[in-house]
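Printed here is work.txt (compact mmCIF, C-alpha atoms):
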# COMPACT_ATOMS: atom_id res chain seq x y z
CA MET A 111 3.86 -22.90 -69.03
CA SER A 112 7.67 -23.16 -69.05
CA GLN A 113 9.66 -24.28 -66.06
CA HIS A 114 10.65 -20.70 -65.24
CA GLU A 115 7.24 -19.09 -65.70
CA SER A 116 4.98 -18.53 -62.74
CA LEU A 117 1.20 -18.60 -62.93
CA LYS A 118 1.24 -14.86 -62.33
CA ASP A 119 3.53 -14.37 -65.34
CA VAL A 120 1.26 -16.45 -67.57
CA ILE A 121 -1.82 -14.51 -66.48
CA ASP A 122 -0.04 -11.20 -66.94
CA ASN A 123 0.87 -12.16 -70.53
CA LEU A 124 -2.56 -13.31 -71.64
CA PRO A 125 -3.96 -11.39 -74.63
CA GLY A 126 -6.00 -8.39 -73.51
CA MET A 127 -4.45 -8.18 -70.05
CA PRO A 128 -3.12 -4.70 -69.25
CA GLN A 129 0.64 -4.69 -69.01
CA ARG A 130 2.14 -3.45 -65.74
CA SER A 131 5.50 -1.79 -65.41
CA ASN A 132 8.20 -3.31 -63.26
CA GLU A 133 7.91 -0.34 -60.92
CA ASN A 134 4.20 -1.00 -60.37
CA ILE A 135 4.93 -4.64 -59.67
CA ARG A 136 7.67 -3.74 -57.19
CA SER A 137 5.38 -1.24 -55.46
CA ARG A 138 2.64 -3.83 -55.18
CA ASP A 139 5.07 -6.39 -53.81
CA ARG A 140 6.36 -3.92 -51.21
CA ARG A 141 2.82 -3.24 -50.02
CA PHE A 142 2.11 -6.96 -49.88
CA PHE A 143 5.18 -7.75 -47.79
CA ALA A 144 4.60 -4.71 -45.56
CA THR A 145 1.08 -5.97 -44.85
CA ILE A 146 2.34 -9.47 -44.09
CA GLY A 147 5.02 -8.01 -41.82
CA ALA A 148 2.46 -5.93 -39.92
CA ILE A 149 0.22 -8.97 -39.46
CA LEU A 150 3.12 -11.09 -38.18
CA LEU A 151 4.21 -8.35 -35.78
CA ALA A 152 0.68 -8.03 -34.43
CA LEU A 153 0.53 -11.78 -33.90
CA VAL A 154 3.85 -11.79 -32.03
CA VAL A 155 2.87 -8.84 -29.83
CA GLY A 156 -0.59 -10.29 -29.16
CA THR A 157 0.84 -13.69 -28.28
CA ALA A 158 3.40 -12.14 -25.94
CA ALA A 159 0.73 -10.01 -24.23
CA LEU A 160 -1.53 -13.04 -23.82
CA TYR A 161 1.33 -15.10 -22.40
CA TYR A 162 2.34 -12.33 -19.99
CA GLY A 163 -1.27 -11.77 -18.93
CA ARG A 164 -1.88 -15.46 -18.27
CA LYS A 165 1.45 -15.82 -16.47
CA THR A 166 0.88 -12.88 -14.14
CA LEU A 167 -2.54 -14.22 -13.14
CA PHE A 168 -0.58 -16.81 -11.15
CA ASP A 169 1.76 -14.30 -9.46
CA ALA A 170 1.02 -13.22 -5.90
CA PRO A 171 4.13 -11.45 -4.57
CA ILE A 172 4.18 -10.62 -0.87
CA PRO A 173 6.29 -7.65 0.36
CA MET A 174 9.35 -8.81 2.28
CA ASP A 175 8.76 -6.75 5.45
CA LEU A 176 5.02 -7.42 5.67
CA GLU A 177 5.00 -9.30 8.99
CA ALA A 178 7.04 -6.67 10.82
CA ARG A 179 4.94 -3.66 9.84
CA TYR A 180 2.20 -4.10 12.41
CA THR A 181 3.97 -5.98 15.17
CA GLY A 182 3.09 -4.52 18.57
CA ILE A 183 0.40 -2.14 17.25
CA GLU A 184 -3.07 -2.59 18.73
CA GLN A 185 -5.74 -3.68 16.27
CA GLY A 186 -9.48 -4.13 16.45
CA TYR A 187 -12.81 -3.16 14.93
CA THR A 188 -15.27 -0.33 15.33
CA ASP A 189 -18.87 -1.00 16.33
CA ASP A 190 -19.72 -1.02 12.60
CA GLY A 191 -17.15 -3.72 11.93
CA PHE A 192 -14.59 -1.44 10.25
CA PRO A 193 -10.94 -2.39 10.92
CA ARG A 194 -9.06 0.01 13.16
CA LEU A 195 -5.36 0.33 13.87
CA GLY A 196 -3.99 1.94 17.03
CA SER A 197 -5.32 2.61 20.48
CA PRO A 198 -9.08 3.11 20.80
CA ASP A 199 -8.24 5.82 23.35
CA ALA A 200 -6.11 7.84 20.92
CA PRO A 201 -6.98 11.57 20.93
CA VAL A 202 -7.07 11.66 17.13
CA VAL A 203 -9.23 9.40 14.97
CA VAL A 204 -8.53 9.31 11.24
CA GLU A 205 -11.17 7.61 9.06
CA GLU A 206 -10.47 6.69 5.45
CA PHE A 207 -13.22 5.75 3.01
CA SER A 208 -11.15 3.81 0.50
CA SER A 209 -11.31 1.41 -2.43
CA PHE A 210 -8.50 -1.05 -3.12
CA ALA A 211 -9.09 -0.43 -6.84
CA CYS A 212 -8.64 3.34 -6.56
CA PRO A 213 -5.22 4.66 -7.69
CA HIS A 214 -5.53 7.76 -5.49
CA CYS A 215 -6.23 5.51 -2.51
CA ARG A 216 -3.05 3.61 -3.31
CA ASP A 217 -1.15 6.91 -3.38
CA PHE A 218 -2.64 7.83 -0.01
CA HIS A 219 -1.62 4.44 1.37
CA ASP A 220 1.94 4.73 0.07
CA GLU A 221 2.44 8.27 1.31
CA GLN A 222 0.13 9.68 3.98
CA PHE A 223 -0.79 6.40 5.69
CA ALA A 224 2.85 5.33 5.82
CA ASP A 225 3.77 8.69 7.40
CA LEU A 226 1.15 8.20 10.13
CA MET A 227 2.56 4.88 11.35
CA ASP A 228 4.70 6.42 14.12
CA GLU A 229 1.72 8.35 15.51
CA ILE A 230 -0.45 5.24 15.29
CA ALA A 231 2.18 3.12 17.05
CA ASN A 232 2.71 5.61 19.90
CA GLY A 233 -1.01 5.91 20.68
CA GLN A 234 -1.51 9.39 19.24
CA VAL A 235 -3.69 8.33 16.30
CA GLN A 236 -6.31 5.65 15.72
CA PHE A 237 -6.76 4.85 12.03
CA VAL A 238 -10.05 3.40 10.74
CA TYR A 239 -10.31 1.87 7.27
CA ILE A 240 -13.80 1.89 5.71
CA PRO A 241 -13.80 -0.45 2.67
CA ILE A 242 -15.75 0.92 -0.30
CA ALA A 243 -16.52 -1.96 -2.66
CA HIS A 244 -18.45 -0.22 -5.43
CA ILE A 245 -15.72 2.05 -6.83
CA GLY A 246 -13.29 0.51 -9.32
CA PRO A 247 -13.02 -2.89 -11.04
CA GLY A 248 -12.37 -5.70 -8.61
CA ALA A 249 -13.00 -3.49 -5.58
CA GLU A 250 -15.59 -5.80 -4.04
CA THR A 251 -13.43 -8.92 -4.35
CA ALA A 252 -10.48 -7.05 -2.85
CA ALA A 253 -12.56 -5.65 0.02
CA LYS A 254 -13.86 -9.12 0.84
CA ALA A 255 -10.33 -10.52 0.68
CA ALA A 256 -9.07 -7.97 3.21
CA LEU A 257 -12.00 -8.47 5.56
CA CYS A 258 -11.68 -12.26 5.28
CA ALA A 259 -7.99 -11.98 6.10
CA GLY A 260 -9.10 -9.93 9.09
CA LYS A 261 -11.05 -12.94 10.33
CA GLN A 262 -7.59 -14.47 10.84
CA ASP A 263 -6.14 -11.25 12.32
CA ARG A 264 -4.33 -10.27 9.12
CA PHE A 265 -6.47 -7.46 7.72
CA TRP A 266 -3.73 -4.85 7.65
CA GLU A 267 -1.21 -7.16 6.03
CA MET A 268 -3.71 -8.04 3.27
CA HIS A 269 -4.57 -4.33 2.99
CA ASP A 270 -0.91 -3.65 2.12
CA VAL A 271 -0.68 -6.61 -0.26
CA LEU A 272 -3.74 -5.52 -2.24
CA PHE A 273 -2.40 -2.01 -2.79
CA HIS A 274 0.95 -3.53 -3.76
CA TRP A 275 -0.80 -5.67 -6.39
CA GLN A 276 -2.82 -2.74 -7.70
CA LYS A 277 0.43 -0.93 -8.47
CA LYS A 278 2.25 -3.98 -9.85
CA PHE A 279 -0.35 -5.62 -12.10
CA LEU A 280 -2.26 -4.09 -14.98
CA ILE A 281 -4.28 -7.23 -15.72
CA SER A 282 -6.67 -8.57 -13.05
CA PRO A 283 -4.77 -7.44 -9.94
CA PHE A 284 -7.54 -8.96 -7.79
CA SER A 285 -8.22 -12.21 -9.59
CA GLU A 286 -9.51 -14.88 -7.23
CA ARG A 287 -6.63 -17.16 -8.17
CA ARG A 288 -4.10 -14.49 -7.17
CA ILE A 289 -5.91 -13.66 -3.96
CA ASN A 290 -6.15 -17.29 -2.86
CA LYS A 291 -2.49 -17.87 -3.64
CA GLY A 292 -1.51 -14.72 -1.78
CA ALA A 293 -3.51 -15.76 1.27
CA ALA A 294 -1.71 -19.10 1.31
CA LEU A 295 1.68 -17.39 1.01
CA MET A 296 0.73 -15.18 3.95
CA GLY A 297 0.15 -18.29 6.03
CA LEU A 298 -3.62 -17.99 6.28
CA ASP A 299 -5.80 -21.05 6.65
CA ALA A 300 -6.64 -21.51 2.98
CA ALA A 301 -9.90 -23.43 3.43
CA SER A 302 -11.35 -20.93 5.92
CA PHE A 303 -10.26 -18.00 3.80
CA GLU A 304 -11.81 -19.40 0.61
CA ARG A 305 -15.08 -20.18 2.39
CA CYS A 306 -15.22 -16.61 3.64
CA LEU A 307 -14.36 -15.18 0.22
CA ASP A 308 -17.04 -17.27 -1.52
CA GLY A 309 -19.68 -16.71 1.16
CA ALA A 310 -21.53 -13.80 2.74
CA GLU A 311 -19.66 -13.65 6.04
CA VAL A 312 -18.32 -10.11 5.54
CA ASP A 313 -21.07 -8.71 3.32
CA ALA A 314 -22.73 -6.88 6.22
CA VAL A 315 -19.56 -4.83 6.81
CA ILE A 316 -19.34 -3.92 3.12
CA GLU A 317 -23.00 -2.91 3.09
CA GLN A 318 -22.50 -0.83 6.26
CA ALA A 319 -19.55 0.91 4.59
CA ARG A 320 -21.69 1.77 1.57
CA SER A 321 -24.46 3.04 3.83
CA GLU A 322 -22.05 5.29 5.74
CA PHE A 323 -20.54 6.52 2.46
CA GLU A 324 -23.98 7.55 1.26
CA ARG A 325 -25.00 8.99 4.65
CA ARG A 326 -22.06 11.37 4.53
CA ASP A 327 -22.96 12.25 0.94
CA LEU A 328 -19.59 11.17 -0.45
CA THR A 329 -18.94 10.61 -4.13
CA GLY A 330 -15.34 9.39 -4.35
CA THR A 331 -12.36 7.84 -2.66
CA PRO A 332 -10.24 8.43 -0.73
CA SER A 333 -12.37 10.56 1.58
CA ILE A 334 -10.61 11.38 4.85
CA TYR A 335 -12.03 12.50 8.19
CA VAL A 336 -10.12 13.66 11.26
CA ASN A 337 -12.14 13.55 14.47
CA GLY A 338 -15.34 13.64 12.45
CA GLU A 339 -14.34 16.57 10.21
CA ARG A 340 -13.66 15.96 6.54
CA ILE A 341 -10.32 17.22 5.25
CA ARG A 342 -9.50 17.85 1.61
CA ASP A 343 -5.83 18.76 1.94
CA TYR A 344 -3.97 15.64 3.04
CA ARG A 345 -1.04 17.78 4.17
CA GLU A 346 -3.09 18.54 7.27
CA LEU A 347 -2.29 15.01 8.42
CA GLU A 348 1.36 16.05 8.83
CA ASN A 349 0.35 18.19 11.79
CA LEU A 350 -1.49 15.54 13.79
CA GLU A 351 1.34 14.82 16.21
CA GLY A 352 0.63 16.66 19.41
CA SER A 353 -2.95 17.50 18.38

Transcribe the structure of this file into structure tokens.
Amino acid sequence: MSQHESLKDVIDNLPGMPQRSNENIRSRDRRFFATIGAILLALVVGTAALYYGRKTLFDAPIPMDLEARYTGIEQGYTDDGFPRLGSPDAPVVVEEFSSFACPHCRDFHDEQFADLMDEIANGQVQFVYIPIAHIGPGAETAAKAALCAGKQDRFWEMHDVLFHWQKKFLISPFSERRINKGAALMGLDAASFERCLDGAEVDAVIEQARSEFERRDLTGTPSIYVNGERIRDYRELENLEGS
């Protein structure tokens, strides 16, 4: 083999080997390099996605105005242990069967629930959140996180944070690492919160919510009731003031 001959050239010139035109060789080379390019691009994209996914598992952003949202608004729990917001003597009771993993529930939170805050604050409406933990990936972990935050009087703040994360993160919005970090950033007692999250302290409330969901023969979330009557058009909530 001469200095300028490649192994491929030698093989191509062996007696009995079919001769290929330059155009065939160029076409083959183009396909080869296109395949290599596609593989390299896939590796770069995959590596970037993996890096982003791992990085965001550590993120736990807290909305800036979180602490002010519920200041001065009465909070408590129903006899079944469901969190309520607003006066227990309010003439209108709105119940929401909701999953933190449900996109439509997030839409309801961002729109209808936000619009009810004035009526809740002025004593016109009592809002009851019934956490459904069996609809959507991560729903049970999120429901426990909110109820455990409620043990430290921060249910509604965690409720807002969880819906914020559902919208912001595509990968594991309710990872335990994120939830624990978020609880710490909210100023919760981390050790108490983690014990609650890992234990069975709030399981009875979640089971009661499932039981009530089934008793009312519901199949999806959000399911909304006003004074015991189910509504299907959320625009009806706009007319609650003065009801």

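Taking CA of Leu295 (chain A) and CA of Phe210 (chain A) as the two end points, the separation is 19.7 Å.
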
### Message
Report as a PyMOL selection string all protein, DNA and RNA residues lying within 8 Å of region 193-209 of chain A, evaluated on all atoms listed in the file, omitting residues in the same chain fewer than 2 positions from it.
### Response
chain A and resi 183-188+191+211-212+215+230-231+233-246+249+253+260+265+323+331-338+350+353

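Of the listed residues (A:Leu328, A:Ala314, A:Met296, A:Ala170), A:Met296 comes nearest to Trp266 (chain A); the distances count all atoms listed in the file.
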
### Query
From the set A:His269, A:Arg326, A:Arg305, A:Lys277, which residue has the shortest atom-to-atom contact distance to Leu176 (chain A), counting only C-alpha atoms?
A:His269

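Proximity ranking of A:Gln262, A:Thr145, A:Thr181, A:Gln222 relative to Ala300 (chain A) places A:Gln262 first, based on all atoms listed in the file.
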
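If you look at CA of Glu348 (chain A) and CA of Ala224 (chain A), they are 11.2 Å away from each other.
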
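Atom pair CA of Val271 (chain A) / CA of Gly292 (chain A) has a distance of 8.3 Å (rounded to one decimal).
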
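Closest approach to Pro173 (chain A) among A:Asp313, A:Asp270, A:Asp327, A:Asp299: A:Asp270, based on all atoms listed in the file.
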
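Ranking A:Phe279, A:Thr329, A:Glu250, A:Tyr344 by their shortest atom-to-atom distance to His219 (chain A), with all atoms listed in the file included, puts A:Tyr344 first.
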
### Who sits within 10 Å of Ala255 (chain A), all atoms listed in the file, same chain under 5 positions skipped, as an NGL selection string
:A and (249-250 or 260-261 or 265 or 268-269 or 272 or 284 or 286 or 289-290 or 293 or 303-304 or 306-308 or 312)

#### Entry: Residues within 9 Å of Phe168 (chain A), only C-alpha atoms, excluding chain neighbours under 5 positions, as a VMD selection string
chain A and resid 287 to 288 291

Just-selected residues, C-alpha atoms written as a PDB file, in the frame of the given file:
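Final output, part24.pdb:
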ATOM      1  CA  ARG A 287      -6.630 -17.160  -8.170  1.00  0.00           C
ATOM      2  CA  ARG A 288      -4.100 -14.490  -7.170  1.00  0.00           C
ATOM      3  CA  LYS A 291      -2.490 -17.870  -3.640  1.00  0.00           C
TER       4      LYS A 291
END
